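Undergrad: input-v2.cif is reproduced in full below (mmCIF, C-alpha atoms and all ligand atoms).
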data_structure
#
loop_
_atom_site.group_PDB
_atom_site.id
_atom_site.type_symbol
_atom_site.label_atom_id
_atom_site.label_comp_id
_atom_site.auth_asym_id
_atom_site.auth_seq_id
_atom_site.Cartn_x
_atom_site.Cartn_y
_atom_site.Cartn_z
ATOM 1 C CA MET A 952 0.000 0.000 0.000
ATOM 2 C CA THR A 953 1.403 3.363 -0.942
ATOM 3 C CA GLY A 954 -0.041 6.542 0.391
ATOM 4 C CA ASP A 955 0.778 10.222 0.476
ATOM 5 C CA LEU A 956 -0.823 13.559 1.247
ATOM 6 C CA PHE A 957 -3.322 13.162 -1.561
ATOM 7 C CA GLY A 958 -4.385 9.677 -0.575
ATOM 8 C CA ASP A 959 -2.980 7.913 -3.625
ATOM 9 C CA ARG A 960 -3.177 4.241 -3.137
ATOM 10 C CA ALA A 961 -2.525 0.936 -4.754
ATOM 11 C CA ILE A 962 -5.814 -0.809 -5.443
ATOM 12 C CA GLY A 963 -4.142 -3.993 -6.608
ATOM 13 C CA ASP A 964 -0.860 -5.232 -8.053
ATOM 14 C CA GLY A 965 -0.379 -2.869 -11.023
ATOM 15 C CA ALA A 966 -3.371 -0.668 -10.265
ATOM 16 C CA MET A 967 -3.414 2.725 -8.598
ATOM 17 C CA LEU A 968 -5.949 5.368 -7.751
ATOM 18 C CA LEU A 969 -4.419 8.849 -8.018
ATOM 19 C CA ARG A 970 -6.782 11.032 -6.012
ATOM 20 C CA GLY A 971 -7.272 14.500 -7.472
ATOM 21 C CA PHE A 972 -4.434 14.079 -9.961
ATOM 22 C CA ALA A 973 -6.327 15.938 -12.717
ATOM 23 C CA CYS A 974 -8.163 18.486 -10.529
ATOM 24 C CA GLY A 975 -6.097 21.435 -11.706
ATOM 25 C CA ASP A 976 -6.721 20.534 -15.355
ATOM 26 C CA ALA A 977 -10.410 19.689 -15.021
ATOM 27 C CA ALA A 978 -11.819 22.898 -16.495
ATOM 28 C CA ALA A 979 -9.431 22.845 -19.459
ATOM 29 C CA LEU A 980 -10.151 19.152 -20.053
ATOM 30 C CA ILE A 981 -13.913 19.765 -20.096
ATOM 31 C CA GLU A 982 -13.465 22.666 -22.527
ATOM 32 C CA ALA A 983 -11.416 20.442 -24.821
ATOM 33 C CA VAL A 984 -14.080 17.741 -24.616
ATOM 34 C CA SER A 985 -16.699 20.288 -25.713
ATOM 35 C CA ARG A 986 -14.593 21.248 -28.724
ATOM 36 C CA ILE A 987 -14.080 17.602 -29.688
ATOM 37 C CA ALA A 988 -17.776 16.764 -29.236
ATOM 38 C CA ALA A 989 -18.698 19.698 -31.517
ATOM 39 C CA LEU A 990 -16.725 17.926 -34.284
ATOM 40 C CA VAL A 991 -17.599 14.316 -33.447
ATOM 41 C CA PRO A 992 -20.796 14.212 -31.388
ATOM 42 C CA PHE A 993 -21.350 11.796 -28.522
ATOM 43 C CA ARG A 994 -23.380 8.795 -29.613
ATOM 44 C CA HIS A 995 -24.851 5.693 -28.005
ATOM 45 C CA MET A 996 -23.070 2.841 -29.729
ATOM 46 C CA VAL A 997 -24.869 -0.454 -30.257
ATOM 47 C CA THR A 998 -23.206 -3.594 -28.923
ATOM 48 C CA PRO A 999 -22.881 -6.816 -30.959
ATOM 49 C CA GLY A 1000 -25.810 -8.066 -28.865
ATOM 50 C CA GLY A 1001 -27.960 -5.294 -30.342
ATOM 51 C CA ASN A 1002 -28.349 -3.074 -27.288
ATOM 52 C CA ALA A 1003 -27.589 0.659 -27.312
ATOM 53 C CA MET A 1004 -25.040 1.464 -24.594
ATOM 54 C CA SER A 1005 -26.321 3.787 -21.856
ATOM 55 C CA VAL A 1006 -22.966 5.603 -21.929
ATOM 56 C CA ALA A 1007 -22.536 8.057 -24.828
ATOM 57 C CA MET A 1008 -19.105 7.990 -26.473
ATOM 58 C CA THR A 1009 -16.778 9.821 -28.789
ATOM 59 C CA ASN A 1010 -13.008 9.689 -29.346
ATOM 60 C CA CYS A 1011 -9.917 11.669 -30.136
ATOM 61 C CA GLY A 1012 -6.494 10.447 -31.183
ATOM 62 C CA THR A 1013 -5.056 8.409 -34.044
ATOM 63 C CA VAL A 1014 -7.677 5.738 -33.498
ATOM 64 C CA GLY A 1015 -11.073 5.595 -31.840
ATOM 65 C CA TRP A 1016 -12.777 2.756 -29.993
ATOM 66 C CA LEU A 1017 -16.056 1.534 -31.497
ATOM 67 C CA ALA A 1018 -18.869 -0.861 -30.800
ATOM 68 C CA ASP A 1019 -21.333 -1.954 -33.444
ATOM 69 C CA ARG A 1020 -23.175 -5.064 -34.553
ATOM 70 C CA ARG A 1021 -19.905 -6.495 -35.905
ATOM 71 C CA GLY A 1022 -18.023 -6.234 -32.632
ATOM 72 C CA TYR A 1023 -15.635 -4.046 -30.670
ATOM 73 C CA ARG A 1024 -12.577 -2.546 -32.318
ATOM 74 C CA TYR A 1025 -10.423 0.493 -33.050
ATOM 75 C CA GLU A 1026 -10.817 2.487 -36.260
ATOM 76 C CA VAL A 1027 -8.840 5.429 -37.671
ATOM 77 C CA ARG A 1028 -12.047 6.979 -39.027
ATOM 78 C CA ASP A 1029 -15.309 7.834 -37.356
ATOM 79 C CA PRO A 1030 -17.880 5.706 -39.203
ATOM 80 C CA ALA A 1031 -20.479 8.435 -38.603
ATOM 81 C CA THR A 1032 -18.543 11.027 -40.635
ATOM 82 C CA GLY A 1033 -15.971 8.980 -42.571
ATOM 83 C CA LYS A 1034 -13.330 11.400 -41.268
ATOM 84 C CA PRO A 1035 -10.377 10.827 -38.944
ATOM 85 C CA TRP A 1036 -10.981 11.447 -35.231
ATOM 86 C CA PRO A 1037 -9.838 14.849 -33.940
ATOM 87 C CA ALA A 1038 -6.209 14.940 -32.825
ATOM 88 C CA MET A 1039 -5.544 14.241 -29.174
ATOM 89 C CA PRO A 1040 -4.926 17.584 -27.412
ATOM 90 C CA GLY A 1041 -1.395 17.938 -26.003
ATOM 91 C CA LEU A 1042 -2.894 18.471 -22.563
ATOM 92 C CA PHE A 1043 -4.556 15.023 -22.725
ATOM 93 C CA PHE A 1044 -1.411 13.277 -23.906
ATOM 94 C CA ARG A 1045 0.792 14.888 -21.266
ATOM 95 C CA LEU A 1046 -1.657 14.284 -18.433
ATOM 96 C CA ALA A 1047 -2.045 10.603 -19.357
ATOM 97 C CA GLY A 1048 1.737 10.178 -19.529
ATOM 98 C CA LYS A 1049 2.272 11.865 -16.157
ATOM 99 C CA ALA A 1050 -0.433 9.784 -14.492
ATOM 100 C CA ALA A 1051 0.948 6.550 -15.916
ATOM 101 C CA ALA A 1052 4.450 7.478 -14.741
ATOM 102 C CA ALA A 1053 3.131 8.316 -11.261
ATOM 103 C CA ALA A 1054 1.650 4.814 -11.138
ATOM 104 C CA GLY A 1055 4.916 3.181 -12.255
ATOM 105 C CA PHE A 1056 4.391 2.969 -16.018
ATOM 106 C CA ALA A 1057 6.945 5.324 -17.562
ATOM 107 C CA GLY A 1058 6.826 6.101 -21.279
ATOM 108 C CA PHE A 1059 3.080 5.683 -21.806
ATOM 109 C CA ALA A 1060 2.199 7.135 -25.234
ATOM 110 C CA PRO A 1061 -1.562 6.758 -25.806
ATOM 111 C CA ASP A 1062 -2.900 6.818 -29.354
ATOM 112 C CA CYS A 1063 -6.570 6.780 -28.327
ATOM 113 C CA CYS A 1064 -8.680 8.739 -25.912
ATOM 114 C CA LEU A 1065 -12.164 7.288 -25.594
ATOM 115 C CA ILE A 1066 -14.457 9.935 -24.112
ATOM 116 C CA ASN A 1067 -17.443 8.612 -22.167
ATOM 117 C CA ARG A 1068 -20.413 10.684 -21.067
ATOM 118 C CA TYR A 1069 -22.702 9.361 -18.340
ATOM 119 C CA ALA A 1070 -26.137 10.776 -17.537
ATOM 120 C CA PRO A 1071 -27.895 9.734 -14.320
ATOM 121 C CA GLY A 1072 -28.936 6.090 -14.726
ATOM 122 C CA ALA A 1073 -26.110 5.230 -17.144
ATOM 123 C CA ARG A 1074 -23.786 2.371 -16.242
ATOM 124 C CA LEU A 1075 -20.995 0.300 -17.693
ATOM 125 C CA SER A 1076 -21.094 -3.387 -16.910
ATOM 126 C CA LEU A 1077 -18.008 -5.324 -15.816
ATOM 127 C CA HIS A 1078 -15.648 -5.959 -18.714
ATOM 128 C CA GLN A 1079 -11.975 -6.277 -19.633
ATOM 129 C CA ASP A 1080 -10.245 -3.904 -22.047
ATOM 130 C CA LYS A 1081 -8.872 -6.398 -24.554
ATOM 131 C CA ASP A 1082 -9.307 -4.822 -27.984
ATOM 132 C CA GLU A 1083 -5.806 -3.342 -27.854
ATOM 133 C CA ARG A 1084 -2.971 -4.962 -29.772
ATOM 134 C CA ASP A 1085 -0.425 -4.879 -27.003
ATOM 135 C CA PHE A 1086 -1.270 -5.343 -23.339
ATOM 136 C CA SER A 1087 2.074 -4.071 -22.054
ATOM 137 C CA ALA A 1088 0.739 -0.505 -21.904
ATOM 138 C CA PRO A 1089 -1.578 0.463 -19.033
ATOM 139 C CA ILE A 1090 -5.059 1.980 -19.184
ATOM 140 C CA VAL A 1091 -5.391 5.504 -17.765
ATOM 141 C CA SER A 1092 -8.875 6.632 -16.783
ATOM 142 C CA VAL A 1093 -9.672 10.244 -15.794
ATOM 143 C CA SER A 1094 -12.937 11.078 -14.003
ATOM 144 C CA LEU A 1095 -14.585 14.482 -14.432
ATOM 145 C CA GLY A 1096 -17.898 15.954 -13.317
ATOM 146 C CA LEU A 1097 -20.342 13.901 -11.244
ATOM 147 C CA PRO A 1098 -18.886 11.326 -8.847
ATOM 148 C CA ALA A 1099 -19.263 7.644 -9.675
ATOM 149 C CA VAL A 1100 -18.690 4.239 -8.150
ATOM 150 C CA PHE A 1101 -15.916 2.420 -10.007
ATOM 151 C CA LEU A 1102 -16.116 -1.362 -9.874
ATOM 152 C CA PHE A 1103 -12.669 -2.894 -9.928
ATOM 153 C CA GLY A 1104 -12.456 -6.653 -9.938
ATOM 154 C CA GLY A 1105 -10.007 -9.324 -10.931
ATOM 155 C CA GLU A 1106 -8.982 -11.255 -13.996
ATOM 156 C CA ARG A 1107 -11.905 -13.617 -13.537
ATOM 157 C CA ARG A 1108 -15.330 -12.113 -14.031
ATOM 158 C CA ARG A 1109 -16.574 -13.854 -10.903
ATOM 159 C CA ASP A 1110 -13.961 -12.134 -8.701
ATOM 160 C CA ARG A 1111 -15.997 -9.811 -6.534
ATOM 161 C CA PRO A 1112 -15.192 -6.210 -7.514
ATOM 162 C CA ARG A 1113 -14.203 -3.508 -5.073
ATOM 163 C CA ARG A 1114 -16.366 -0.406 -5.121
ATOM 164 C CA LEU A 1115 -14.308 2.786 -5.285
ATOM 165 C CA ALA A 1116 -15.862 6.254 -5.118
ATOM 166 C CA LEU A 1117 -14.377 8.406 -7.886
ATOM 167 C CA GLU A 1118 -14.570 12.199 -7.746
ATOM 168 C CA CYS A 1119 -13.848 14.842 -10.354
ATOM 169 C CA GLY A 1120 -10.093 14.863 -10.966
ATOM 170 C CA ASP A 1121 -9.429 11.306 -9.782
ATOM 171 C CA VAL A 1122 -7.319 9.149 -12.106
ATOM 172 C CA VAL A 1123 -7.175 5.341 -12.095
ATOM 173 C CA VAL A 1124 -4.269 3.569 -13.791
ATOM 174 C CA TRP A 1125 -4.155 -0.184 -14.312
ATOM 175 C CA GLY A 1126 -1.527 -2.207 -16.119
ATOM 176 C CA GLY A 1127 0.968 -5.006 -15.626
ATOM 177 C CA ALA A 1128 -0.573 -7.748 -13.495
ATOM 178 C CA ALA A 1129 -3.835 -5.743 -13.341
ATOM 179 C CA ARG A 1130 -4.114 -5.062 -17.062
ATOM 180 C CA MET A 1131 -6.845 -7.672 -17.549
ATOM 181 C CA ALA A 1132 -8.817 -6.703 -14.447
ATOM 182 C CA HIS A 1133 -12.568 -6.558 -14.917
ATOM 183 C CA HIS A 1134 -13.944 -3.085 -14.303
ATOM 184 C CA GLY A 1135 -17.106 -1.068 -14.734
ATOM 185 C CA ILE A 1136 -19.179 1.846 -13.466
ATOM 186 C CA ALA A 1137 -22.236 1.410 -11.210
ATOM 187 C CA VAL A 1138 -25.499 3.129 -12.146
ATOM 188 C CA LEU A 1139 -24.755 6.847 -11.995
ATOM 189 C CA ALA A 1140 -26.640 8.780 -9.314
ATOM 190 C CA ASP A 1141 -28.186 12.127 -10.122
ATOM 191 C CA GLY A 1142 -26.410 15.256 -8.926
ATOM 192 C CA GLU A 1143 -25.039 18.597 -9.927
ATOM 193 C CA ALA A 1144 -21.358 19.156 -10.739
ATOM 194 C CA PRO A 1145 -19.859 22.639 -11.210
ATOM 195 C CA LEU A 1146 -18.232 21.887 -14.573
ATOM 196 C CA THR A 1147 -20.614 19.405 -16.156
ATOM 197 C CA GLY A 1148 -24.077 19.787 -14.592
ATOM 198 C CA ASN A 1149 -25.638 16.356 -14.194
ATOM 199 C CA ARG A 1150 -23.099 14.511 -16.290
ATOM 200 C CA ARG A 1151 -19.986 12.474 -15.637
ATOM 201 C CA ILE A 1152 -17.230 12.628 -18.240
ATOM 202 C CA ASN A 1153 -14.535 9.958 -18.341
ATOM 203 C CA LEU A 1154 -11.403 10.025 -20.467
ATOM 204 C CA THR A 1155 -9.937 6.571 -21.063
ATOM 205 C CA PHE A 1156 -6.473 6.557 -22.577
ATOM 206 C CA ARG A 1157 -5.141 3.508 -24.340
ATOM 207 C CA LYS A 1158 -2.264 2.441 -26.499
ATOM 208 C CA ALA A 1159 -4.374 0.581 -29.036
ATOM 209 C CA LEU A 1160 -1.974 0.037 -31.957
HETATM 210 C C1 LIG B 1 -15.226 4.683 -17.304
HETATM 211 N N1 LIG B 1 -14.742 3.109 -19.128
HETATM 212 O O1 LIG B 1 -16.067 5.207 -18.021
HETATM 213 C C2 LIG B 1 -14.514 3.464 -17.738
HETATM 214 N N2 LIG B 1 -13.784 0.377 -21.322
HETATM 215 O O2 LIG B 1 -14.946 5.149 -16.182
HETATM 216 C C3 LIG B 1 -14.306 1.908 -19.575
HETATM 217 O O3 LIG B 1 -13.757 1.145 -18.848
HETATM 218 C C4 LIG B 1 -14.467 1.451 -20.968
HETATM 219 O O4 LIG B 1 -16.022 3.122 -21.538
HETATM 220 C C5 LIG B 1 -13.857 -0.139 -22.560
HETATM 221 C C6 LIG B 1 -14.661 0.429 -23.499
HETATM 222 C C7 LIG B 1 -15.404 1.525 -23.166
HETATM 223 C C8 LIG B 1 -15.319 2.067 -21.869
HETATM 224 FE FE FE B 2 -12.861 -0.441 -19.862
#
Let's see the structure in the file written out as structure tokens.
Ligand code: MD6
Ligand code: FE
TA:
Amino acid sequence: MTGDLFGDRAIGDGAMLLRGFACGDAAALIEAVSRIAALVPFRHMVTPGGNAMSVAMTNCGTVGWLADRRGYRYEVRDPATGKPWPAMPGLFFRLAGKAAAAAGFAGFAPDCCLINRYAPGARLSLHQDKDERDFSAPIVSVSLGLPAVFLFGGERRRDRPRRLALECGDVVVWGGAARMAHHGIAVLADGEAPLTGNRRINLTFRKAL
């Protein structure tokens, strides 16, 4: 267990919760998300099972993460527009790299930022991030706006997940032995956040290619 003034802590072998790591950047991050969403609007992707996801998503970076009837994958173009995803802002790239380094993963160079928007009632069921080509890079997840309960389990889906309260500015990093940990977000409670109203925004950085 590591701990410091800000309450950073290991939440497993290879997984760390960096409390408030992105607080100082939150307003600028939200502004950048608004600019990106003006170019590539949030949409509710449909899973291969045929259900629309309750979380609305868009992307920036070299590649974007997609779900559709054919499966889950990364694409260099947004199928909705046929155009490349907006470039990843330097602020995003630097923040993700700093957070990864703080959690013990130096040299993280994400090529995808999946942007998730949760309204009250939205949830993300337990899953593993396994559409990336190379699992040696960690996942960096930045929480903004409304608080949420992050479910963080083990490699086996039946491993009972911990429930971690995430606030605006909290960053979770998982890689190494935790890279295949199941994770998700519990049903979002209603509320009012200064920067985002009744929404939660999550930035998930990956090295997909
Ligand atoms: C979150 N999102 O929104 C975490 N993973 O806090 C994810 O873990 C995630 O939104 C894979 C694909 C889409 C996602
Ligand atoms: Fe995930």
Undergrad: CA of Tyr1069 (chain A) and CA of Lys1081 (chain A) are how many Å apart?
TA: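 Rounded to one decimal, the two atoms are 21.9 Å apart.
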Undergrad: Evaluate the PyMOL selection byres (((chain A and resi 1134) around 6) and not hetatm) here and jot the selected residues down as number ranges by chain.
TA: A: 1077-1078, 1102-1104, 1133, 1135
Undergrad: Do a neighbour search on Arg1157 (chain A) at 8 Å with only C-alpha atoms, toss out local chain neighbours closer than 6 positions, and write the hits as a CSV table (one decimal) with C-alpha atoms, in the coordinates of the input.
TA:
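Saved to around_8.csv:
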chain,number,residue,atom,x,y,z
A,1061,PRO,CA,-1.6,6.8,-25.8
A,1062,ASP,CA,-2.9,6.8,-29.4
A,1063,CYS,CA,-6.6,6.8,-28.3
A,1064,CYS,CA,-8.7,8.7,-25.9
A,1083,GLU,CA,-5.8,-3.3,-27.9
A,1088,ALA,CA,0.7,-0.5,-21.9
A,1089,PRO,CA,-1.6,0.5,-19.0
A,1090,ILE,CA,-5.1,2.0,-19.2
A,1091,VAL,CA,-5.4,5.5,-17.8
Undergrad: With all atoms listed in the file as the atoms that count, which of A:Lys1158, A:Arg1151, A:Arg1020, A:Arg1028 lies nearest to ligand LIG 1 (chain B)?
TA: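 Of the candidates, the smallest distance to ligand LIG 1 (chain B) is held by A:Arg1151.
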Undergrad: Ligand LIG 1 (chain B): which residues are within 10 Å, counting all atoms listed in the file? Reply as a ChimeraX atom specification.
TA: /A:1004,1006-1009,1016-1018,1023-1024,1065-1069,1074-1082,1090-1095,1099-1103,1117,1122-1123,1133-1137,1151-1157
Undergrad: Please list as a PyMOL selection string every residue within 8 Å of Phe972 (chain A), counting only C-alpha atoms and excluding residues in the same chain fewer than 2 positions away.
TA: chain A and resi 969-970+974-975+1050+1120-1122
Undergrad: Which residues, protein or nucleic acid, reach to within 6 Å of (-1.0, -3.1, -19.6) in the file's coordinates when using all atoms listed in the file, and can you give that as a list in words?
TA: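 Result, sorted by chain then residue number: Phe1086, Ser1087, Ala1088, Pro1089, Gly1126, Gly1127 and Arg1130 of chain A.
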Undergrad: Quick one: residues within 9 Å of Leu1042 (chain A), only C-alpha atoms counted, chain neighbours fewer than 2 positions away excluded, as a list in words?
TA: Asp976, Ala979, Leu980, Met1039, Pro1040, Phe1044, Arg1045, Leu1046 and Ala1047 of chain A
Undergrad: So, counting only C-alpha atoms and all ligand atoms, which residue among A:Val1138, A:Ala1132, A:Leu1146, A:Val984 is closest to ligand FE 2 (chain B)?
TA: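 Comparing A:Val1138, A:Ala1132, A:Leu1146, A:Val984 against ligand FE 2 (chain B), the winner is A:Ala1132.
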Undergrad: Please rebuild region 1058-1069 of chain A with all heavy atoms and give the result as a PDB file, keeping the file's coordinate frame.
TA:
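Wrote rebuild26.pdb, looks like this:
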ATOM      1  N   GLY A1058       6.788   6.201 -19.822  1.00  0.00           N
ATOM      2  CA  GLY A1058       6.826   6.101 -21.279  1.00  0.00           C
ATOM      3  C   GLY A1058       5.493   5.791 -21.939  1.00  0.00           C
ATOM      4  O   GLY A1058       5.452   5.443 -23.124  1.00  0.00           O
ATOM      5  N   PHE A1059       4.401   5.953 -21.224  1.00  0.00           N
ATOM      6  CA  PHE A1059       3.080   5.683 -21.806  1.00  0.00           C
ATOM      7  C   PHE A1059       2.785   6.716 -22.897  1.00  0.00           C
ATOM      8  O   PHE A1059       2.832   7.916 -22.650  1.00  0.00           O
ATOM      9  CB  PHE A1059       2.019   5.730 -20.715  1.00  0.00           C
ATOM     10  CG  PHE A1059       0.597   5.469 -21.183  1.00  0.00           C
ATOM     11  CD1 PHE A1059       0.288   4.349 -21.944  1.00  0.00           C
ATOM     12  CD2 PHE A1059      -0.428   6.344 -20.845  1.00  0.00           C
ATOM     13  CE1 PHE A1059      -1.022   4.106 -22.354  1.00  0.00           C
ATOM     14  CE2 PHE A1059      -1.739   6.107 -21.245  1.00  0.00           C
ATOM     15  CZ  PHE A1059      -2.041   4.991 -22.008  1.00  0.00           C
ATOM     16  N   ALA A1060       2.492   6.256 -24.095  1.00  0.00           N
ATOM     17  CA  ALA A1060       2.199   7.135 -25.234  1.00  0.00           C
ATOM     18  C   ALA A1060       0.874   6.702 -25.853  1.00  0.00           C
ATOM     19  O   ALA A1060       0.839   5.917 -26.807  1.00  0.00           O
ATOM     20  CB  ALA A1060       3.328   7.071 -26.260  1.00  0.00           C
ATOM     21  N   PRO A1061      -0.257   7.205 -25.308  1.00  0.00           N
ATOM     22  CA  PRO A1061      -1.562   6.758 -25.806  1.00  0.00           C
ATOM     23  C   PRO A1061      -1.819   7.237 -27.226  1.00  0.00           C
ATOM     24  O   PRO A1061      -1.422   8.348 -27.588  1.00  0.00           O
ATOM     25  CB  PRO A1061      -2.548   7.403 -24.825  1.00  0.00           C
ATOM     26  CG  PRO A1061      -1.837   8.599 -24.293  1.00  0.00           C
ATOM     27  CD  PRO A1061      -0.379   8.216 -24.239  1.00  0.00           C
ATOM     28  N   ASP A1062      -2.489   6.399 -28.013  1.00  0.00           N
ATOM     29  CA  ASP A1062      -2.900   6.818 -29.354  1.00  0.00           C
ATOM     30  C   ASP A1062      -4.414   6.945 -29.448  1.00  0.00           C
ATOM     31  O   ASP A1062      -4.956   7.268 -30.498  1.00  0.00           O
ATOM     32  CB  ASP A1062      -2.367   5.854 -30.421  1.00  0.00           C
ATOM     33  CG  ASP A1062      -2.694   4.401 -30.134  1.00  0.00           C
ATOM     34  OD1 ASP A1062      -3.591   4.135 -29.314  1.00  0.00           O
ATOM     35  OD2 ASP A1062      -2.044   3.522 -30.740  1.00  0.00           O
ATOM     36  N   CYS A1063      -5.102   6.681 -28.348  1.00  0.00           N
ATOM     37  CA  CYS A1063      -6.570   6.780 -28.327  1.00  0.00           C
ATOM     38  C   CYS A1063      -7.026   7.376 -27.010  1.00  0.00           C
ATOM     39  O   CYS A1063      -6.534   6.999 -25.948  1.00  0.00           O
ATOM     40  CB  CYS A1063      -7.181   5.381 -28.474  1.00  0.00           C
ATOM     41  SG  CYS A1063      -8.971   5.344 -28.221  1.00  0.00           S
ATOM     42  N   CYS A1064      -7.947   8.304 -27.100  1.00  0.00           N
ATOM     43  CA  CYS A1064      -8.680   8.739 -25.912  1.00  0.00           C
ATOM     44  C   CYS A1064     -10.155   8.534 -26.189  1.00  0.00           C
ATOM     45  O   CYS A1064     -10.753   9.252 -26.995  1.00  0.00           O
ATOM     46  CB  CYS A1064      -8.391  10.192 -25.561  1.00  0.00           C
ATOM     47  SG  CYS A1064      -9.380  10.764 -24.153  1.00  0.00           S
ATOM     48  N   LEU A1065     -10.719   7.521 -25.546  1.00  0.00           N
ATOM     49  CA  LEU A1065     -12.164   7.288 -25.594  1.00  0.00           C
ATOM     50  C   LEU A1065     -12.793   8.221 -24.570  1.00  0.00           C
ATOM     51  O   LEU A1065     -12.352   8.278 -23.425  1.00  0.00           O
ATOM     52  CB  LEU A1065     -12.448   5.832 -25.231  1.00  0.00           C
ATOM     53  CG  LEU A1065     -13.912   5.456 -24.984  1.00  0.00           C
ATOM     54  CD1 LEU A1065     -14.736   5.610 -26.254  1.00  0.00           C
ATOM     55  CD2 LEU A1065     -14.003   4.026 -24.460  1.00  0.00           C
ATOM     56  N   ILE A1066     -13.781   8.982 -24.997  1.00  0.00           N
ATOM     57  CA  ILE A1066     -14.457   9.935 -24.112  1.00  0.00           C
ATOM     58  C   ILE A1066     -15.861   9.408 -23.847  1.00  0.00           C
ATOM     59  O   ILE A1066     -16.638   9.195 -24.785  1.00  0.00           O
ATOM     60  CB  ILE A1066     -14.506  11.337 -24.753  1.00  0.00           C
ATOM     61  CG1 ILE A1066     -13.094  11.775 -25.181  1.00  0.00           C
ATOM     62  CG2 ILE A1066     -15.130  12.340 -23.792  1.00  0.00           C
ATOM     63  CD1 ILE A1066     -13.066  13.064 -26.009  1.00  0.00           C
ATOM     64  N   ASN A1067     -16.149   9.164 -22.573  1.00  0.00           N
ATOM     65  CA  ASN A1067     -17.443   8.612 -22.167  1.00  0.00           C
ATOM     66  C   ASN A1067     -18.248   9.674 -21.449  1.00  0.00           C
ATOM     67  O   ASN A1067     -17.719  10.366 -20.584  1.00  0.00           O
ATOM     68  CB  ASN A1067     -17.231   7.442 -21.196  1.00  0.00           C
ATOM     69  CG  ASN A1067     -16.493   6.292 -21.822  1.00  0.00           C
ATOM     70  OD1 ASN A1067     -16.850   5.845 -22.894  1.00  0.00           O
ATOM     71  ND2 ASN A1067     -15.449   5.821 -21.154  1.00  0.00           N
ATOM     72  N   ARG A1068     -19.516   9.753 -21.766  1.00  0.00           N
ATOM     73  CA  ARG A1068     -20.413  10.684 -21.067  1.00  0.00           C
ATOM     74  C   ARG A1068     -21.555   9.904 -20.425  1.00  0.00           C
ATOM     75  O   ARG A1068     -22.271   9.178 -21.113  1.00  0.00           O
ATOM     76  CB  ARG A1068     -20.973  11.720 -22.034  1.00  0.00           C
ATOM     77  CG  ARG A1068     -21.765  12.830 -21.327  1.00  0.00           C
ATOM     78  CD  ARG A1068     -22.416  13.769 -22.305  1.00  0.00           C
ATOM     79  NE  ARG A1068     -23.445  13.083 -23.065  1.00  0.00           N
ATOM     80  CZ  ARG A1068     -24.028  13.582 -24.171  1.00  0.00           C
ATOM     81  NH1 ARG A1068     -23.659  14.756 -24.639  1.00  0.00           N
ATOM     82  NH2 ARG A1068     -24.953  12.885 -24.804  1.00  0.00           N
ATOM     83  N   TYR A1069     -21.675  10.055 -19.109  1.00  0.00           N
ATOM     84  CA  TYR A1069     -22.702   9.361 -18.340  1.00  0.00           C
ATOM     85  C   TYR A1069     -23.750  10.352 -17.879  1.00  0.00           C
ATOM     86  O   TYR A1069     -23.420  11.364 -17.270  1.00  0.00           O
ATOM     87  CB  TYR A1069     -22.105   8.729 -17.071  1.00  0.00           C
ATOM     88  CG  TYR A1069     -21.124   7.616 -17.307  1.00  0.00           C
ATOM     89  CD1 TYR A1069     -19.843   7.870 -17.801  1.00  0.00           C
ATOM     90  CD2 TYR A1069     -21.452   6.297 -17.007  1.00  0.00           C
ATOM     91  CE1 TYR A1069     -18.940   6.837 -17.998  1.00  0.00           C
ATOM     92  CE2 TYR A1069     -20.546   5.261 -17.198  1.00  0.00           C
ATOM     93  CZ  TYR A1069     -19.296   5.545 -17.699  1.00  0.00           C
ATOM     94  OH  TYR A1069     -18.402   4.532 -17.887  1.00  0.00           O
TER      95      TYR A1069
END
